[in-house]
Amino acid sequence: MKKCLLFILVLLSSCRQNEQDLNVISINPDSQGEFTFNDVYELQSVIPLETIDSSLFGEVANIIFIKENLFILSGRKFSRYYYTVFDTTGNFLYRQNKTGRGPGEYTRISNFMSNGDSLIVKSDNKLTYYDIEGKYITEKSGPSTVFLAMEYMPDGCYLINYSITSADTVDGKYYSLKLYSPTGEYIKGFLPIPKAVTERPFFSEGTTFISKNSRTYFFPLTHNSIFEFRSEDKSFNELYKIKIEGIPEFDIFNVTPAQLEGSNWIRSKSMIWLLDINDKFLTLRINYGTKRNIAIVNREDNKTILIPNEKFNDELNELPVIPINNNKGTLVSIVNSLSIIETQTKNPNSIGSKLKATLTDNSNSVIIVYKMKQKR
């Protein structure tokens, strides 16, 4: 009897160790990639956006796809006052600019998001809802602090990625992620972070959310792992821990006072963004030291290949690839016309060459949508 029990315990321990090992993605920064961008991604659509005076915009912060429309938020963090709307063929529809403090108006836009049918503008401490034609629906009080991203769940709850941009507290603790009810009440927080770090906020572009089939994936700035949120049971799971070989593992709770000054702690960790994920692969952008690479990870065995950031381009169609935050659940690149014009094209029949022939350096941006290939 004792021998059988000992055997069972050893077996269970072995299973747990294997599961733990499977969830660690170890990346060798000196490894050479054998694949290219076109081995992993295939072109889905190219959308040149109409160029007229009222449709031109600058730096793109976010793209939202709602039904047959594209909503593009542009401008720098503290100077976003409008969003521009196109249909999915690139025709300009309208520009929303409701600056003000009355009902249906907003001050500057800190971010915007979709709940499936409408667009929601976050400004100061309220959320303003518009339909896809730009008509005012309603407004609600919202989180008063700055955050990196906000994602609506199918039940109307929403998840906020605060990272450490002025994180607040309602239960005596500080969190990187928080869940709220449809009416804005705080439900619970995930990924605690020390108060000393939140008092010195670091403003940085961080990974937003990728939602697919009631699952929401994200890689918060404050941690080393990819996480998953399941909307049906509001569970929060760590999927993968990312380790860069040769670089000490970062711990947000062991940040020293010297590292806190000027947010120097951020320079002691690898900066990682989750760009895309499906059942077979995930795509990461990784900055460590002076290196900038794209990592493609096979989710079946965690084997990883690296593509240098400057080679993460669509060579087949001769198009540059510049990923941008979006809610489409796949890789979306938004490229200004000058970047396409400067791209080296050799095949006159390639999409890049054809675009180059129709665009000028004053043309609006082009949206390029890719989907991951399934493993062969």
# chains A, B, ... in the order shown; residues from 1 in each chain; ligands from 1
>>> select_by_dssp(residues="range 153-328 of chain A", states="strand (DSSP E or B)", output="PDB file with N, CA and C atoms, in the first residue's frame")
ATOM      1  N   TYR A 158     -16.372  45.363 -18.296  1.00  0.00           N
ATOM      2  CA  TYR A 158     -15.197  45.770 -19.054  1.00  0.00           C
ATOM      3  C   TYR A 158     -13.937  45.648 -18.206  1.00  0.00           C
ATOM      4  N   LEU A 159     -12.845  45.333 -18.912  1.00  0.00           N
ATOM      5  CA  LEU A 159     -11.548  45.110 -18.303  1.00  0.00           C
ATOM      6  C   LEU A 159     -10.652  46.273 -18.663  1.00  0.00           C
ATOM      7  N   ILE A 160      -9.905  46.788 -17.678  1.00  0.00           N
ATOM      8  CA  ILE A 160      -9.020  47.929 -17.919  1.00  0.00           C
ATOM      9  C   ILE A 160      -7.581  47.545 -17.600  1.00  0.00           C
ATOM     10  N   ASN A 161      -6.693  47.846 -18.535  1.00  0.00           N
ATOM     11  CA  ASN A 161      -5.258  47.666 -18.343  1.00  0.00           C
ATOM     12  C   ASN A 161      -4.692  49.013 -17.898  1.00  0.00           C
ATOM     13  N   TYR A 174      -3.287  48.073  -5.168  1.00  0.00           N
ATOM     14  CA  TYR A 174      -3.134  48.594  -6.520  1.00  0.00           C
ATOM     15  C   TYR A 174      -2.954  47.426  -7.478  1.00  0.00           C
ATOM     16  N   TYR A 175      -3.544  47.539  -8.661  1.00  0.00           N
ATOM     17  CA  TYR A 175      -3.524  46.438  -9.608  1.00  0.00           C
ATOM     18  C   TYR A 175      -3.172  46.939 -11.009  1.00  0.00           C
ATOM     19  N   SER A 176      -2.593  46.032 -11.776  1.00  0.00           N
ATOM     20  CA  SER A 176      -2.329  46.347 -13.173  1.00  0.00           C
ATOM     21  C   SER A 176      -3.606  46.230 -14.006  1.00  0.00           C
ATOM     22  N   LEU A 177      -4.483  45.283 -13.650  1.00  0.00           N
ATOM     23  CA  LEU A 177      -5.732  45.051 -14.375  1.00  0.00           C
ATOM     24  C   LEU A 177      -6.906  45.122 -13.415  1.00  0.00           C
ATOM     25  N   LYS A 178      -8.031  45.691 -13.892  1.00  0.00           N
ATOM     26  CA  LYS A 178      -9.242  45.736 -13.077  1.00  0.00           C
ATOM     27  C   LYS A 178     -10.467  45.410 -13.924  1.00  0.00           C
ATOM     28  N   LEU A 179     -11.424  44.752 -13.278  1.00  0.00           N
ATOM     29  CA  LEU A 179     -12.684  44.400 -13.924  1.00  0.00           C
ATOM     30  C   LEU A 179     -13.802  45.240 -13.330  1.00  0.00           C
ATOM     31  N   TYR A 180     -14.674  45.793 -14.213  1.00  0.00           N
ATOM     32  CA  TYR A 180     -15.801  46.627 -13.784  1.00  0.00           C
ATOM     33  C   TYR A 180     -17.103  46.068 -14.328  1.00  0.00           C
ATOM     34  N   TYR A 186     -16.622  48.745  -9.567  1.00  0.00           N
ATOM     35  CA  TYR A 186     -15.440  47.902  -9.473  1.00  0.00           C
ATOM     36  C   TYR A 186     -15.830  46.513  -8.988  1.00  0.00           C
ATOM     37  N   ILE A 187     -15.352  45.464  -9.685  1.00  0.00           N
ATOM     38  CA  ILE A 187     -15.630  44.088  -9.275  1.00  0.00           C
ATOM     39  C   ILE A 187     -14.419  43.483  -8.581  1.00  0.00           C
ATOM     40  N   LYS A 188     -13.287  43.432  -9.273  1.00  0.00           N
ATOM     41  CA  LYS A 188     -12.076  42.904  -8.652  1.00  0.00           C
ATOM     42  C   LYS A 188     -10.860  43.291  -9.480  1.00  0.00           C
ATOM     43  N   GLY A 189      -9.689  43.181  -8.845  1.00  0.00           N
ATOM     44  CA  GLY A 189      -8.446  43.521  -9.515  1.00  0.00           C
ATOM     45  C   GLY A 189      -7.567  42.303  -9.701  1.00  0.00           C
ATOM     46  N   PHE A 190      -6.670  42.395 -10.672  1.00  0.00           N
ATOM     47  CA  PHE A 190      -5.733  41.323 -10.959  1.00  0.00           C
ATOM     48  C   PHE A 190      -4.316  41.892 -11.028  1.00  0.00           C
ATOM     49  N   LEU A 191      -3.342  41.087 -10.728  1.00  0.00           N
ATOM     50  CA  LEU A 191      -1.937  41.460 -10.803  1.00  0.00           C
ATOM     51  C   LEU A 191      -1.620  42.654  -9.906  1.00  0.00           C
ATOM     52  N   PRO A 192      -1.501  42.421  -8.616  1.00  0.00           N
ATOM     53  CA  PRO A 192      -1.171  43.523  -7.700  1.00  0.00           C
ATOM     54  C   PRO A 192       0.193  44.120  -8.012  1.00  0.00           C
ATOM     55  N   ILE A 193       0.328  45.415  -7.779  1.00  0.00           N
ATOM     56  CA  ILE A 193       1.593  46.130  -7.954  1.00  0.00           C
ATOM     57  C   ILE A 193       1.809  47.019  -6.736  1.00  0.00           C
ATOM     58  N   ILE A 210      -6.255  41.524 -26.903  1.00  0.00           N
ATOM     59  CA  ILE A 210      -6.641  40.776 -28.095  1.00  0.00           C
ATOM     60  C   ILE A 210      -7.766  39.839 -27.678  1.00  0.00           C
ATOM     61  N   SER A 211      -8.958  40.024 -28.222  1.00  0.00           N
ATOM     62  CA  SER A 211     -10.117  39.216 -27.831  1.00  0.00           C
ATOM     63  C   SER A 211     -10.522  38.285 -28.964  1.00  0.00           C
ATOM     64  N   LYS A 212     -10.700  37.002 -28.602  1.00  0.00           N
ATOM     65  CA  LYS A 212     -11.126  35.983 -29.558  1.00  0.00           C
ATOM     66  C   LYS A 212     -11.969  34.949 -28.829  1.00  0.00           C
ATOM     67  N   ARG A 215     -12.370  34.918 -25.100  1.00  0.00           N
ATOM     68  CA  ARG A 215     -11.087  34.949 -24.409  1.00  0.00           C
ATOM     69  C   ARG A 215     -10.414  36.285 -24.706  1.00  0.00           C
ATOM     70  N   THR A 216      -9.803  36.865 -23.696  1.00  0.00           N
ATOM     71  CA  THR A 216      -9.078  38.116 -23.878  1.00  0.00           C
ATOM     72  C   THR A 216      -7.641  37.912 -23.417  1.00  0.00           C
ATOM     73  N   TYR A 217      -6.691  38.238 -24.286  1.00  0.00           N
ATOM     74  CA  TYR A 217      -5.276  38.006 -24.019  1.00  0.00           C
ATOM     75  C   TYR A 217      -4.543  39.339 -23.898  1.00  0.00           C
ATOM     76  N   PHE A 218      -3.518  39.382 -23.048  1.00  0.00           N
ATOM     77  CA  PHE A 218      -2.770  40.624 -22.872  1.00  0.00           C
ATOM     78  C   PHE A 218      -1.439  40.340 -22.184  1.00  0.00           C
ATOM     79  N   SER A 225       4.585  37.943 -18.146  1.00  0.00           N
ATOM     80  CA  SER A 225       3.792  36.835 -18.660  1.00  0.00           C
ATOM     81  C   SER A 225       2.639  37.287 -19.540  1.00  0.00           C
ATOM     82  N   ILE A 226       2.183  36.337 -20.356  1.00  0.00           N
ATOM     83  CA  ILE A 226       0.953  36.522 -21.130  1.00  0.00           C
ATOM     84  C   ILE A 226      -0.187  35.959 -20.299  1.00  0.00           C
ATOM     85  N   PHE A 227      -1.263  36.723 -20.195  1.00  0.00           N
ATOM     86  CA  PHE A 227      -2.411  36.309 -19.392  1.00  0.00           C
ATOM     87  C   PHE A 227      -3.649  36.173 -20.258  1.00  0.00           C
ATOM     88  N   GLU A 228      -4.591  35.386 -19.718  1.00  0.00           N
ATOM     89  CA  GLU A 228      -5.865  35.164 -20.401  1.00  0.00           C
ATOM     90  C   GLU A 228      -7.007  35.450 -19.435  1.00  0.00           C
ATOM     91  N   PHE A 229      -8.027  36.156 -19.918  1.00  0.00           N
ATOM     92  CA  PHE A 229      -9.235  36.392 -19.127  1.00  0.00           C
ATOM     93  C   PHE A 229     -10.390  35.697 -19.815  1.00  0.00           C
ATOM     94  N   ARG A 230     -11.122  34.859 -19.065  1.00  0.00           N
ATOM     95  CA  ARG A 230     -12.290  34.143 -19.602  1.00  0.00           C
ATOM     96  C   ARG A 230     -13.538  34.864 -19.139  1.00  0.00           C
ATOM     97  N   SER A 235     -12.625  34.304 -14.924  1.00  0.00           N
ATOM     98  CA  SER A 235     -11.371  33.754 -14.401  1.00  0.00           C
ATOM     99  C   SER A 235     -10.182  34.384 -15.109  1.00  0.00           C
ATOM    100  N   PHE A 236      -9.074  34.383 -14.415  1.00  0.00           N
ATOM    101  CA  PHE A 236      -7.885  35.090 -14.860  1.00  0.00           C
ATOM    102  C   PHE A 236      -6.716  34.129 -14.751  1.00  0.00           C
ATOM    103  N   ASN A 237      -6.073  33.792 -15.887  1.00  0.00           N
ATOM    104  CA  ASN A 237      -5.073  32.741 -15.894  1.00  0.00           C
ATOM    105  C   ASN A 237      -3.773  33.209 -16.542  1.00  0.00           C
ATOM    106  N   GLU A 238      -2.671  32.743 -15.986  1.00  0.00           N
ATOM    107  CA  GLU A 238      -1.368  32.983 -16.589  1.00  0.00           C
ATOM    108  C   GLU A 238      -1.123  31.886 -17.625  1.00  0.00           C
ATOM    109  N   LEU A 239      -0.921  32.267 -18.884  1.00  0.00           N
ATOM    110  CA  LEU A 239      -0.709  31.289 -19.944  1.00  0.00           C
ATOM    111  C   LEU A 239       0.764  30.945 -20.119  1.00  0.00           C
ATOM    112  N   TYR A 240       1.598  31.976 -20.227  1.00  0.00           N
ATOM    113  CA  TYR A 240       3.014  31.763 -20.484  1.00  0.00           C
ATOM    114  C   TYR A 240       3.848  32.762 -19.694  1.00  0.00           C
ATOM    115  N   LYS A 241       4.958  32.281 -19.168  1.00  0.00           N
ATOM    116  CA  LYS A 241       5.968  33.174 -18.616  1.00  0.00           C
ATOM    117  C   LYS A 241       7.083  33.290 -19.648  1.00  0.00           C
ATOM    118  N   ILE A 242       7.486  34.517 -19.949  1.00  0.00           N
ATOM    119  CA  ILE A 242       8.510  34.755 -20.953  1.00  0.00           C
ATOM    120  C   ILE A 242       9.844  35.007 -20.265  1.00  0.00           C
ATOM    121  N   LYS A 243      10.864  34.249 -20.637  1.00  0.00           N
ATOM    122  CA  LYS A 243      12.208  34.427 -20.087  1.00  0.00           C
ATOM    123  C   LYS A 243      13.182  34.687 -21.228  1.00  0.00           C
ATOM    124  N   ILE A 244      13.943  35.764 -21.107  1.00  0.00           N
ATOM    125  CA  ILE A 244      14.996  36.074 -22.063  1.00  0.00           C
ATOM    126  C   ILE A 244      16.306  35.551 -21.497  1.00  0.00           C
ATOM    127  N   MET A 271      11.103  44.758 -22.613  1.00  0.00           N
ATOM    128  CA  MET A 271       9.814  45.298 -23.015  1.00  0.00           C
ATOM    129  C   MET A 271       9.211  44.338 -24.030  1.00  0.00           C
ATOM    130  N   ILE A 272       8.034  43.824 -23.727  1.00  0.00           N
ATOM    131  CA  ILE A 272       7.412  42.805 -24.571  1.00  0.00           C
ATOM    132  C   ILE A 272       5.984  43.209 -24.878  1.00  0.00           C
ATOM    133  N   TRP A 273       5.602  43.103 -26.149  1.00  0.00           N
ATOM    134  CA  TRP A 273       4.246  43.390 -26.589  1.00  0.00           C
ATOM    135  C   TRP A 273       3.670  42.156 -27.264  1.00  0.00           C
ATOM    136  N   LEU A 274       2.446  41.815 -26.928  1.00  0.00           N
ATOM    137  CA  LEU A 274       1.737  40.733 -27.612  1.00  0.00           C
ATOM    138  C   LEU A 274       1.060  41.321 -28.843  1.00  0.00           C
ATOM    139  N   LEU A 275       1.482  40.877 -30.028  1.00  0.00           N
ATOM    140  CA  LEU A 275       0.939  41.419 -31.271  1.00  0.00           C
ATOM    141  C   LEU A 275      -0.203  40.584 -31.825  1.00  0.00           C
ATOM    142  N   ASP A 276      -0.133  39.262 -31.641  1.00  0.00           N
ATOM    143  CA  ASP A 276      -1.142  38.399 -32.252  1.00  0.00           C
ATOM    144  C   ASP A 276      -1.092  37.036 -31.584  1.00  0.00           C
ATOM    145  N   ILE A 277      -2.215  36.316 -31.619  1.00  0.00           N
ATOM    146  CA  ILE A 277      -2.273  34.980 -31.033  1.00  0.00           C
ATOM    147  C   ILE A 277      -3.393  34.205 -31.715  1.00  0.00           C
ATOM    148  N   PHE A 281       0.004  29.665 -33.040  1.00  0.00           N
ATOM    149  CA  PHE A 281       1.161  30.534 -32.881  1.00  0.00           C
ATOM    150  C   PHE A 281       0.807  31.766 -32.048  1.00  0.00           C
ATOM    151  N   LEU A 282       1.841  32.394 -31.503  1.00  0.00           N
ATOM    152  CA  LEU A 282       1.687  33.742 -30.967  1.00  0.00           C
ATOM    153  C   LEU A 282       2.866  34.574 -31.446  1.00  0.00           C
ATOM    154  N   THR A 283       2.626  35.872 -31.589  1.00  0.00           N
ATOM    155  CA  THR A 283       3.637  36.794 -32.100  1.00  0.00           C
ATOM    156  C   THR A 283       3.924  37.853 -31.050  1.00  0.00           C
ATOM    157  N   LEU A 284       5.198  38.060 -30.741  1.00  0.00           N
ATOM    158  CA  LEU A 284       5.627  39.032 -29.746  1.00  0.00           C
ATOM    159  C   LEU A 284       6.625  39.997 -30.368  1.00  0.00           C
ATOM    160  N   ARG A 285       6.573  41.245 -29.939  1.00  0.00           N
ATOM    161  CA  ARG A 285       7.666  42.168 -30.208  1.00  0.00           C
ATOM    162  C   ARG A 285       8.461  42.279 -28.912  1.00  0.00           C
ATOM    163  N   ILE A 286       9.771  42.092 -29.005  1.00  0.00           N
ATOM    164  CA  ILE A 286      10.607  42.045 -27.813  1.00  0.00           C
ATOM    165  C   ILE A 286      11.765  43.019 -27.952  1.00  0.00           C
ATOM    166  N   ASN A 287      11.888  43.919 -26.978  1.00  0.00           N
ATOM    167  CA  ASN A 287      13.023  44.835 -26.896  1.00  0.00           C
ATOM    168  C   ASN A 287      13.842  44.464 -25.664  1.00  0.00           C
ATOM    169  N   TYR A 288      15.098  44.114 -25.854  1.00  0.00           N
ATOM    170  CA  TYR A 288      15.971  43.816 -24.726  1.00  0.00           C
ATOM    171  C   TYR A 288      17.355  44.331 -25.068  1.00  0.00           C
ATOM    172  N   LYS A 291      18.610  45.250 -28.734  1.00  0.00           N
ATOM    173  CA  LYS A 291      18.037  44.383 -29.761  1.00  0.00           C
ATOM    174  C   LYS A 291      16.533  44.580 -29.860  1.00  0.00           C
ATOM    175  N   ARG A 292      16.031  44.531 -31.092  1.00  0.00           N
ATOM    176  CA  ARG A 292      14.604  44.659 -31.362  1.00  0.00           C
ATOM    177  C   ARG A 292      14.220  43.535 -32.292  1.00  0.00           C
ATOM    178  N   ASN A 293      13.484  42.549 -31.771  1.00  0.00           N
ATOM    179  CA  ASN A 293      13.129  41.387 -32.577  1.00  0.00           C
ATOM    180  C   ASN A 293      11.646  41.084 -32.484  1.00  0.00           C
ATOM    181  N   ILE A 294      11.154  40.362 -33.481  1.00  0.00           N
ATOM    182  CA  ILE A 294       9.826  39.775 -33.443  1.00  0.00           C
ATOM    183  C   ILE A 294       9.997  38.287 -33.176  1.00  0.00           C
ATOM    184  N   ALA A 295       9.292  37.763 -32.195  1.00  0.00           N
ATOM    185  CA  ALA A 295       9.371  36.340 -31.853  1.00  0.00           C
ATOM    186  C   ALA A 295       8.082  35.648 -32.286  1.00  0.00           C
ATOM    187  N   ILE A 296       8.215  34.551 -33.025  1.00  0.00           N
ATOM    188  CA  ILE A 296       7.078  33.724 -33.411  1.00  0.00           C
ATOM    189  C   ILE A 296       7.181  32.436 -32.609  1.00  0.00           C
ATOM    190  N   VAL A 297       6.166  32.137 -31.802  1.00  0.00           N
ATOM    191  CA  VAL A 297       6.205  30.995 -30.890  1.00  0.00           C
ATOM    192  C   VAL A 297       5.172  29.960 -31.326  1.00  0.00           C
ATOM    193  N   ASN A 298       5.615  28.716 -31.466  1.00  0.00           N
ATOM    194  CA  ASN A 298       4.718  27.597 -31.734  1.00  0.00           C
ATOM    195  C   ASN A 298       4.105  27.170 -30.401  1.00  0.00           C
ATOM    196  N   THR A 304      10.629  28.695 -30.482  1.00  0.00           N
ATOM    197  CA  THR A 304      10.553  30.097 -30.892  1.00  0.00           C
ATOM    198  C   THR A 304      11.587  30.398 -31.966  1.00  0.00           C
ATOM    199  N   ILE A 305      11.173  31.174 -32.960  1.00  0.00           N
ATOM    200  CA  ILE A 305      12.122  31.707 -33.921  1.00  0.00           C
ATOM    201  C   ILE A 305      12.048  33.231 -33.852  1.00  0.00           C
ATOM    202  N   LEU A 306      13.173  33.882 -34.095  1.00  0.00           N
ATOM    203  CA  LEU A 306      13.248  35.330 -34.040  1.00  0.00           C
ATOM    204  C   LEU A 306      13.407  35.905 -35.435  1.00  0.00           C
ATOM    205  N   ILE A 307      12.685  36.979 -35.690  1.00  0.00           N
ATOM    206  CA  ILE A 307      12.826  37.736 -36.926  1.00  0.00           C
ATOM    207  C   ILE A 307      13.255  39.140 -36.532  1.00  0.00           C
ATOM    208  N   PRO A 308      14.409  39.634 -37.002  1.00  0.00           N
ATOM    209  CA  PRO A 308      14.790  41.010 -36.674  1.00  0.00           C
ATOM    210  C   PRO A 308      13.686  41.986 -37.041  1.00  0.00           C
ATOM    211  N   ASP A 314       6.443  42.252 -45.232  1.00  0.00           N
ATOM    212  CA  ASP A 314       5.791  41.390 -46.211  1.00  0.00           C
ATOM    213  C   ASP A 314       6.595  41.460 -47.509  1.00  0.00           C
ATOM    214  N   LEU A 319       5.441  45.036 -48.992  1.00  0.00           N
ATOM    215  CA  LEU A 319       4.754  45.992 -48.132  1.00  0.00           C
ATOM    216  C   LEU A 319       5.454  46.070 -46.781  1.00  0.00           C
ATOM    217  N   PRO A 323       2.643  47.124 -37.060  1.00  0.00           N
ATOM    218  CA  PRO A 323       1.441  46.722 -36.315  1.00  0.00           C
ATOM    219  C   PRO A 323       0.877  47.875 -35.484  1.00  0.00           C
ATOM    220  N   ASN A 326      -5.640  47.156 -32.311  1.00  0.00           N
ATOM    221  CA  ASN A 326      -6.933  47.019 -32.987  1.00  0.00           C
ATOM    222  C   ASN A 326      -7.762  45.967 -32.287  1.00  0.00           C
TER     223      ASN A 326
END
>>> closest_atom_pairs(of="range 55-102 of chain A", to="range 334-350 of chain A", cutoff="10 Å", atoms="only C-alpha atoms", output="CSV")
residue,atom,partner,partner_atom,distance
A:Gly58,CA,A:Asn336,CA,9.3
A:Glu59,CA,A:Asn336,CA,9.4
A:Val60,CA,A:Ile334,CA,8.1
A:Asn62,CA,A:Ile334,CA,9.9
A:Ile63,CA,A:Ile334,CA,9.2
>>> residues_around(residues="Leu56 in chain A", least_positions_apart="2", cutoff="12 Å", atoms="only C-alpha atoms", output="list in words")
Leu49, Glu50, Thr51, Ile52, Asp53, Ser54, Gly58, Glu59, Val60, Ile72, Leu73, Ser74, Gly75, Tyr82, Tyr83, Thr84, Val85, Phe86, Phe92, Tyr94, Arg95, Asn336, Ser337, Asn362, Ser363, Asn364, Ser365 and Val366 of chain A
>>> write_last_selection(atoms="C-alpha atoms", output="CSV table (one decimal), in the first residue's frame")
chain,number,residue,atom,x,y,z
A,49,LEU,CA,-7.9,55.4,-47.1
A,50,GLU,CA,-9.5,58.1,-49.1
A,51,THR,CA,-7.5,61.4,-49.3
A,52,ILE,CA,-9.5,64.6,-48.9
A,53,ASP,CA,-8.9,67.6,-46.7
A,54,SER,CA,-11.4,66.5,-44.0
A,58,GLY,CA,-1.6,62.2,-38.2
A,59,GLU,CA,-0.2,59.7,-35.8
A,60,VAL,CA,-2.6,56.7,-35.3
A,72,ILE,CA,-9.4,55.7,-36.4
A,73,LEU,CA,-8.2,57.6,-33.3
A,74,SER,CA,-5.2,59.8,-34.1
A,75,GLY,CA,-3.1,62.4,-32.5
A,82,TYR,CA,-11.5,63.6,-32.9
A,83,TYR,CA,-11.7,60.3,-34.6
A,84,THR,CA,-12.1,59.6,-38.3
A,85,VAL,CA,-14.4,57.0,-39.9
A,86,PHE,CA,-14.1,55.1,-43.1
A,92,PHE,CA,-14.3,58.6,-46.0
A,94,TYR,CA,-17.3,61.4,-41.4
A,95,ARG,CA,-15.1,62.9,-38.7
A,336,ASN,CA,1.7,56.0,-44.3
A,337,SER,CA,2.0,56.6,-48.0
A,362,ASN,CA,0.5,63.5,-49.3
A,363,SER,CA,-1.9,60.5,-49.5
A,364,ASN,CA,-3.6,59.2,-46.5
A,365,SER,CA,-2.5,56.0,-44.7
A,366,VAL,CA,-3.1,52.5,-45.9
>>> atom_distance(atom1="CA of Gly142 in chain A", atom2="CA of Asp124 in chain A")
8.2 Å
>>> residues_around(residues="Gly134 in chain A", least_positions_apart="2", cutoff="10 Å", atoms="only C-alpha atoms", output="PDB file with C-alpha atoms, in the first residue's frame")
ATOM      1  CA  VAL A  85     -14.445  57.026 -39.875  1.00  0.00           C
ATOM      2  CA  TYR A  94     -17.262  61.403 -41.416  1.00  0.00           C
ATOM      3  CA  ARG A  95     -15.117  62.906 -38.667  1.00  0.00           C
ATOM      4  CA  GLN A  96     -16.386  63.066 -35.106  1.00  0.00           C
ATOM      5  CA  ASN A  97     -15.299  66.175 -33.221  1.00  0.00           C
ATOM      6  CA  LYS A  98     -17.594  66.799 -30.257  1.00  0.00           C
ATOM      7  CA  SER A 118     -21.294  51.308 -30.745  1.00  0.00           C
ATOM      8  CA  LEU A 119     -18.159  53.329 -30.131  1.00  0.00           C
ATOM      9  CA  TYR A 129     -21.448  56.384 -26.417  1.00  0.00           C
ATOM     10  CA  TYR A 130     -22.072  57.008 -30.138  1.00  0.00           C
ATOM     11  CA  ASP A 131     -23.637  54.767 -32.764  1.00  0.00           C
ATOM     12  CA  ILE A 132     -21.699  53.860 -35.904  1.00  0.00           C
ATOM     13  CA  TYR A 136     -24.992  60.458 -29.500  1.00  0.00           C
ATOM     14  CA  ILE A 137     -26.564  57.598 -27.500  1.00  0.00           C
TER      15      ILE A 137
END
>>> select_by_dssp(residues="range 132-290 of chain A", states="helix (DSSP H, G or I)", output="PyMOL selection string")
chain A and resi 195-198+252-254+257-268
>>> residues_around(residues="Arg101 in chain A", least_positions_apart="3", cutoff="12 Å", atoms="only C-alpha atoms", output="MDAnalysis selection string")
chainID A and resid 98 104:108 123:126 128 139
>>> closest_residue(among="A:Ile351, A:Ile64, A:Cys157, A:Met372", to="Asn327 in chain A", atoms="only C-alpha atoms")
A:Ile64
>>> closest_residue(among="A:Ser231, A:Ser181, A:Ser31, A:Asn278", to="Pro154 in chain A", atoms="only C-alpha atoms")
A:Ser231
>>> atom_distance(atom1="CA of Leu70 in chain A", atom2="CA of Gly329 in chain A")
14.2 Å
>>> atom_distance(atom1="CA of Thr89 in chain A", atom2="CA of Ile368 in chain A")
11.4 Å
>>> closest_residue(among="A:Tyr152, A:Phe37, A:Phe112, A:Ser268", to="Pro320 in chain A", atoms="only C-alpha atoms")
A:Phe37
